[in-house]
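Take a look at the structure below.
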Amino acid sequence: MTPAQPSDAAARIPIGITVKLYLLTFATFLVGTNGFVIAGLLPDIGESVNARTSDVGLSFTVYAGVVAVLAPTFATVFGHVSRTLLVTIGMILVAAGTALTAISTTLPIFMVGRAVAAVGGAAIVPTAVAAAASMVTPLRRGQAIGIVALGFTLSTAVGSPLGTAVAAVGGWQIPLAAVAVLSLASAASLALFVRGIPASPPLSFARRFAVLGDPRILLTALSVVATVMGFNIAYIYSSAFTETATGGSKTLLATLLLIYGIGGVVGNVIAGRLTDRLGNRIVASILLVTQLAVLVLMPPAEPNFIVIAVLFLLWGVSAFGAGIPIQHRLVAIDPERSAVSLSWYSTALYVGIAIAPIVGGLALDAAGPHEVPHAAAAAILLAVVLLQVGYLVERRRGTDAILREG
């Protein structure tokens with residue numbers, strides 16, 4: 001006779017916590033939108049600040065670099081501080097930095113604004129995910145992480161395209177000003193309604209880096225670098241390797257990216273629930289292998305727009321969905337230090353973003369646009385290997401109870 005399992009109703013996330021989770025989701029949506037929206041605005045921004053488009057593009061490197069360095073630093077220095085306070089201050093900094101970029105008339109001021117916003121993003125990204133995981137039972141941890149991660153997915157699928165469309169009508173400053181105002185509103189809502197989230201146990205820098213001494217955490221973080229690198233290699237240069245299918249039409253390219261974004265939303269929704277039911281290893285493996293197959297199939301399928309559209313849908317599901325079981329694994333390895341582990345996730349995320357344009361550009365210049373998806377697939381294959389080795393490697397610390405990840 002097997003033990004009784006908790007009913008779905010008993011394990012359901014309470015409405016009060018659900019509201020808090022969606023307020024955190026809105027915060028991550030604004031952070032993601034702020035990060036991605038300028039991609040479609042670079043030429044206009046360059047004209048306004050008297051700089052080349054490529055020079056303005058370096059703001060991506062500035063933003064990613066600041067978050068990569070500061071996310072783990074904040075988790076160490078401010079680990080004892082209320083998570084409510086951290087995300088609130090983070091959103092205020094995002095608002096201030098984005099407002100500064102919106103009113104900037106020179107490139108240095110624009111870069112400073114991006115850096116200030118990145119400081120806020122570094123405070124929010126790991127804190128929001130760790131807070132989500134701490135507010136629910138282990139049975140619903142994957143679902144909670146998925147809800148908060150949905151903000152980043154929506155920022156790509158909705159926030160960035162919408163911002164670009166608004167800029168076409170009213171100028172590039174308008175969407176950035178809107179993000180600044182909404183970030184202040186988000187800060188107020190977080191301060192008022194997202195309370196009672198416990199702080200992380202205090203950790204020194206030595207203990208913070210000691211987390212990487214656990215090979216499971218180190219290998220998982222490295223797999224994140226490879227996963228994000230693979231996604232961005234293909235995403236950044238998607239216009240190049242889909243040119244035959246789209247005939248160079250920006251409308252058709254936008255359609256593909258919208259389909260991709262819709263897939264990402266679906267991936268976020270299903271990945272959390274599947275992780276709670278099947279465990280993070282099974283779900284992460286399935287989604288990464290699916291993404292690998294999609295990228296390999298893209299070049300031969302590229303002349304057919306319908307087939308490419310289907311592949312973009314599957315790509316969105318697998319690319320965005322894969323991050324949830326990976327984050328779930330980091331939390332499950334050591335729940336008490338999850339904020340620190342997740343800060344390394346943020347670092348790995350932005351390291352992958354920084355490397356991807358270089359690798360993708362090399363593939364594009366050396367072998368042509370059709371080899372870009374293959375370069376991305378190679379990065380995903382590396383991610384699969386690293387993740388599986390992390391599951392198989394002998395544990396240096398922890399107990400069976402900590403390793404029970406479903």
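Lettering and numbering for the structure tokens are positional, with chains as A, B, ... in the shown order, residues counted from 1 in each chain, and ligands counted from 1 in the shown order.
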I'd like the contact shell of segment 83-85 of chain A - 8 Å cut-off, only C-alpha atoms, skipping same-chain residues fewer than 6 positions apart - returned as a VMD selection string. chain A and resid 127 to 128 131 190 to 191 194 to 199
Can you spit out the residues from that selection as a tab-separated table (two decimals), in the first residue's frame, using C-alpha atoms?
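As a result, part_32.tsv now contains:
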```tsv
chain	number	residue	atom	x	y	z
A	127	THR	CA	16.38	37.71	-5.43
A	128	ALA	CA	13.01	37.40	-7.17
A	131	ALA	CA	11.93	34.63	-3.07
A	190	LEU	CA	6.51	45.31	-4.06
A	191	ALA	CA	7.07	47.42	-0.95
A	194	VAL	CA	5.34	41.52	-1.17
A	195	ARG	CA	6.27	41.26	2.49
A	196	GLY	CA	7.34	38.60	4.92
A	197	ILE	CA	9.88	36.93	2.62
A	198	PRO	CA	12.74	35.61	4.76
A	199	ALA	CA	16.27	36.83	4.13
```
Tell me, as a ChimeraX atom specification, which residues lie within 9 Å of Thr290 of chain A, counting only C-alpha atoms; anything in the same chain fewer than 3 positions away does not count. /A:285-287,293-295,314-315,318-319
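Coordinates place atom CA of Arg277 of chain A at a distance of 11.1 Å from atom CA of Pro138 of chain A.
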Using Å and a single decimal, report how far atom CA of Ala99 of chain A sits from atom CA of Gly151 of chain A. 20.7 Å
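Those residues that approach Thr101 of chain A to within 9 Å, counting only C-alpha atoms, are Ala96, Gly97, Thr98, Ala99, Ile103, Ser104, Thr105, Ile109, Phe110, Met111, Val112, Gly113, Arg114, Gln173, Leu176 and Ala177 of chain A; same-chain residues fewer than 2 positions away are not listed.
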May I have all residues of segment 44-238 of chain A that DSSP, computed from the backbone, assigns to alpha helix (DSSP H), given as an NGL selection string? :A and (44-48 or 53-77 or 83-103 or 107-134 or 141-154 or 160-170 or 173-193 or 205-210 or 215-236 or 238)
Taking only C-alpha atoms into account, which of A:Leu41, A:Gly142, A:Ala149, A:Ile15 comes nearest Ala168 of chain A? A:Leu41
Please build the interface table for segment 250-360 of chain A against segment 376-383 of chain A with a cut-off of 7 Å, listing for each qualifying residue the nearest atom pair and the distance in Å to one decimal; count only C-alpha atoms, order rows by chain and increasing number, and write it as JSON lines.
```
{"residue": "A:Leu288", "atom": "CA", "partner": "A:Ile380", "partner_atom": "CA", "distance": 6.8}
{"residue": "A:Leu292", "atom": "CA", "partner": "A:Ala377", "partner_atom": "CA", "distance": 5.2}
{"residue": "A:Leu295", "atom": "CA", "partner": "A:Ala377", "partner_atom": "CA", "distance": 5.6}
{"residue": "A:Val296", "atom": "CA", "partner": "A:Ala377", "partner_atom": "CA", "distance": 6.3}
```
Env of Val211 of chain A: 9 Å cut, atoms = only C-alpha atoms, seq-sep filter 6 positions within chain, self excluded. Answer as a ChimeraX atom specification. /A:217-218,337,340-341
Store the residues picked out above in a file with C-alpha atoms, as a compact mmCIF listing (two decimals), in the first residue's frame.
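Result saved to out07.txt:
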```
# COMPACT_ATOMS: atom_id res chain seq x y z
CA ILE A 217 26.41 23.71 -8.75
CA LEU A 218 29.53 24.49 -10.80
CA ARG A 337 21.79 28.91 -0.02
CA VAL A 340 23.62 32.51 -3.74
CA SER A 341 23.29 29.61 -6.18
```
Could you list, as a short mmCIF file (atom, residue, chain, number, x, y, z; two decimals) with N, CA and C atoms, in the first residue's frame, every residue within 10 Å of Glu371 of chain A, counting only C-alpha atoms and ignoring same-chain residues fewer than 2 positions away?
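The resulting file, part.cif, is shown below:
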```
data_model
loop_
_atom_site.label_atom_id
_atom_site.label_comp_id
_atom_site.auth_asym_id
_atom_site.auth_seq_id
_atom_site.Cartn_x
_atom_site.Cartn_y
_atom_site.Cartn_z
N ALA A 234 21.81 32.06 -31.97
CA ALA A 234 20.77 31.94 -33.00
C ALA A 234 19.83 33.15 -33.01
N PHE A 241 19.92 33.96 -40.95
CA PHE A 241 19.73 32.58 -41.41
C PHE A 241 18.28 32.27 -41.80
N VAL A 296 19.50 22.02 -35.24
CA VAL A 296 20.12 21.22 -36.30
C VAL A 296 19.24 21.19 -37.54
N MET A 298 17.08 23.51 -38.55
CA MET A 298 16.76 24.81 -39.14
C MET A 298 17.40 25.06 -40.51
N PRO A 299 18.70 24.83 -40.71
CA PRO A 299 19.28 25.12 -42.03
C PRO A 299 18.64 24.36 -43.19
N GLY A 360 28.72 33.82 -32.50
CA GLY A 360 27.81 33.88 -33.64
C GLY A 360 28.40 34.66 -34.80
N ALA A 363 30.98 32.54 -36.58
CA ALA A 363 30.34 31.53 -37.43
C ALA A 363 29.76 32.16 -38.69
N LEU A 364 29.16 33.32 -38.54
CA LEU A 364 28.57 34.01 -39.69
C LEU A 364 29.63 34.41 -40.70
N ASP A 365 30.74 35.00 -40.23
CA ASP A 365 31.79 35.47 -41.12
C ASP A 365 32.57 34.32 -41.75
N ALA A 366 32.78 33.26 -40.98
CA ALA A 366 33.63 32.17 -41.46
C ALA A 366 32.89 31.18 -42.37
N ALA A 367 31.63 30.93 -42.07
CA ALA A 367 30.94 29.86 -42.79
C ALA A 367 29.59 30.27 -43.38
N GLY A 368 29.11 31.47 -43.10
CA GLY A 368 27.85 31.92 -43.67
C GLY A 368 26.70 31.75 -42.70
N PRO A 369 25.55 32.35 -43.03
CA PRO A 369 24.41 32.38 -42.11
C PRO A 369 23.85 31.01 -41.77
N PRO A 373 22.94 28.42 -36.87
CA PRO A 373 22.21 27.48 -36.01
C PRO A 373 23.05 26.29 -35.58
N HIS A 374 23.98 25.87 -36.43
CA HIS A 374 24.84 24.74 -36.05
C HIS A 374 25.80 25.14 -34.92
N ALA A 375 26.30 26.37 -34.97
CA ALA A 375 27.14 26.86 -33.87
C ALA A 375 26.33 26.91 -32.58
N ALA A 376 25.08 27.35 -32.70
CA ALA A 376 24.20 27.38 -31.53
C ALA A 376 23.93 25.97 -31.02
N ALA A 377 23.73 25.03 -31.94
CA ALA A 377 23.48 23.63 -31.55
C ALA A 377 24.68 23.04 -30.82
#
```
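The smallest atom-to-atom distance between Ala165 of chain A and any of A:Leu24, A:Ile262, A:Ile38, A:Ala133, using only C-alpha atoms, is found for A:Ile38.
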